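Notes to accompany the following structure.
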Amino acid sequence: ATFAMSRLFILTLIFALVPTRSFLPVRTRRRSDANFVTDRMSHLNAAPAVSSEVLTELGLTPRLTEIFEGLRSLPDDKMRYKQLLYLAQTCPELPAEYKVVGNKVPGCLSTVHIHATMTDDGISLLGDSDSALTKGLVKMLIDGLEGYSSPEIQKVNPEFIKYAGLGGSLTPGRNNGFLNMLAVIKRKASELEQSTNVASDNSPISESIPTLVDQETPQPAPIESLSSSVIGSTGESGEEELEVAIVKKLKLLKPESVKFSRESGDGEEPSYRLTVIASCFDGLVDEKRKQLVLAVLRKMIKGDCRFELSTPGEEEKRPK
């Protein structure tokens, strides 16, 4: 009896001194510990804090800011990764006609194409990738930048991807690809704006480029000061001299190819054909392309001239 009383006293003392949590079932205790770890990991995967000064420096468009804040509000990297995959599903496939060398983004692990045009509402963007994650990044940029002007797009700091909490979801290779995607969009937007400004109807097109011509290329002699055989003659030397002068002028447009030839006409009004392939024509209608070329040439061609103006992408689609 004395031994039994001693055991009862010891058990009572143990229950009094040891916390009740220690006697929870093992399975319940593990679940509680797992929740504790998850909470800690969620805290560690939270997006970096952003002050108002940093947000201003990121230069985001209003729409990109909404996407940025939406990603930051997600609890961890896994959820942000899933959001990119969801964006990829909402991205329509890029038409084959736009999957050309001129639209391919260099330096990406995946194959990425981005096509841009100028509209009355701003820059219009299309894009695609053969990788779901990269396609999600493309869609994020398209949704955040489409419809804005080139100056607004140029302000966007690529560092926003880190503050959005996507740093943990991107390998160094994919991060480099993202930087190249944004760089291509900025370049295309700048080229489109420059072409549109040159061909704008709001100001005389012939007055919009003289300064650029003087900076970019040597100024050839006026056509009247060239050999008298340059215009209205079938002499080969005169035609070659005129072609050289035209090619020099058109260097401002950074063309891939320029061909100038005489088609017919033996009198004072000969007929010519000018073929130019240049990326700066992208997004411009035929009349705007012609205005752009004529503004650069400054009435160098006298007589009738048939213009064949196209982009590298359009040339790739032509039947061989």
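How things are named: the first chain in the structure tokens is A, the next is B, and so on; residues count from 1 in each chain; ligands count from 1 in the order shown.
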When you look at range 157-168 of chain A with a cut-off of 9 Å (counting only C-alpha atoms), what residues show up, excluding the ones that are within fewer than 5 positions of it in the same chain? I need them as a list in words.
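Residues meeting the cut-off are Asn45, Ala46, Ala47, Pro48, Ala49, Val50, Leu55, Glu57, Leu58, Gly59, Leu60, Ile67, Phe68, Glu69, Gly70, Leu71, Arg72, Ser73, Leu74, Asp76, Asp77, Arg80, Tyr81, Asn175, Phe178, Leu179, Leu182 and Ala183 of chain A.
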I'd like the neighbourhood of range 82-92 of chain A as a PDB file with C-alpha atoms, in the first residue's frame, where a residue qualifies if any of its atoms comes within 9 Å (using only C-alpha atoms), though same-chain residues fewer than 5 positions away should be ignored.
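Final output, saved to around.pdb:
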ATOM      1  CA  LEU A  71       2.246  39.825 -57.291  1.00  0.00           C
ATOM      2  CA  ASP A  77       7.214  32.361 -54.350  1.00  0.00           C
ATOM      3  CA  LEU A 126       2.115  40.862 -79.266  1.00  0.00           C
ATOM      4  CA  GLY A 127       4.385  38.135 -77.938  1.00  0.00           C
ATOM      5  CA  ASP A 128       4.892  34.418 -77.453  1.00  0.00           C
ATOM      6  CA  SER A 131       8.222  27.999 -72.477  1.00  0.00           C
ATOM      7  CA  ALA A 132       5.240  28.416 -70.142  1.00  0.00           C
ATOM      8  CA  LEU A 133       7.133  30.421 -67.507  1.00  0.00           C
ATOM      9  CA  THR A 134       8.751  32.718 -70.056  1.00  0.00           C
ATOM     10  CA  LYS A 135       5.415  33.131 -71.813  1.00  0.00           C
ATOM     11  CA  GLY A 136       3.974  34.307 -68.501  1.00  0.00           C
ATOM     12  CA  LEU A 137       6.689  36.948 -68.257  1.00  0.00           C
ATOM     13  CA  VAL A 138       5.956  38.055 -71.827  1.00  0.00           C
ATOM     14  CA  LYS A 139       2.249  38.357 -71.033  1.00  0.00           C
ATOM     15  CA  MET A 140       2.999  40.346 -67.886  1.00  0.00           C
TER      16      MET A 140
END
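Taking CA of Glu316 in chain A and CA of Gln154 in chain A as endpoints, the distance between them is 29.7 Å.
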One-decimal distance in Å that lies between CA of Asp121 in chain A and CA of Tyr148 in chain A:
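Interatomic distance here is 7.3 Å.
When only C-alpha atoms are used to compute distances to Leu309 in chain A, the closest of the residues A:Val156, A:Val285, A:Leu297, A:Ile114 turns out to be A:Val285.
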Using only C-alpha atoms, which of A:Glu97, A:Asp304, A:Glu66, A:Glu263 sits nearest Leu145 in chain A?
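Among the listed residues, A:Glu66 lies closest to Leu145 in chain A.
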Which distance in Å separates CA of Leu125 in chain A and CA of Ser310 in chain A, to one decimal?
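Interatomic distance, CA of Leu125 in chain A to CA of Ser310 in chain A: 19.9 Å.
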With only C-alpha atoms as the basis for distance, which of A:Ile246, A:Cys108, A:Phe260, A:Leu284 is at the shortest distance from Glu193 in chain A?
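Using only C-alpha atoms, the shortest distance to Glu193 in chain A belongs to A:Leu284.
Each of A:Pro312, A:Pro151, A:Gly173, A:Gly122 was checked against Glu256 in chain A using only C-alpha atoms; the smallest atom-to-atom distance is that of A:Pro312.
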So which residues of range 51-223 of chain A fall under alpha helix (DSSP H) by DSSP, listed as a PyMOL selection string?
chain A and resi 52-58+62-73+77-90+132-145+150-154+160-163+172-198+210-216
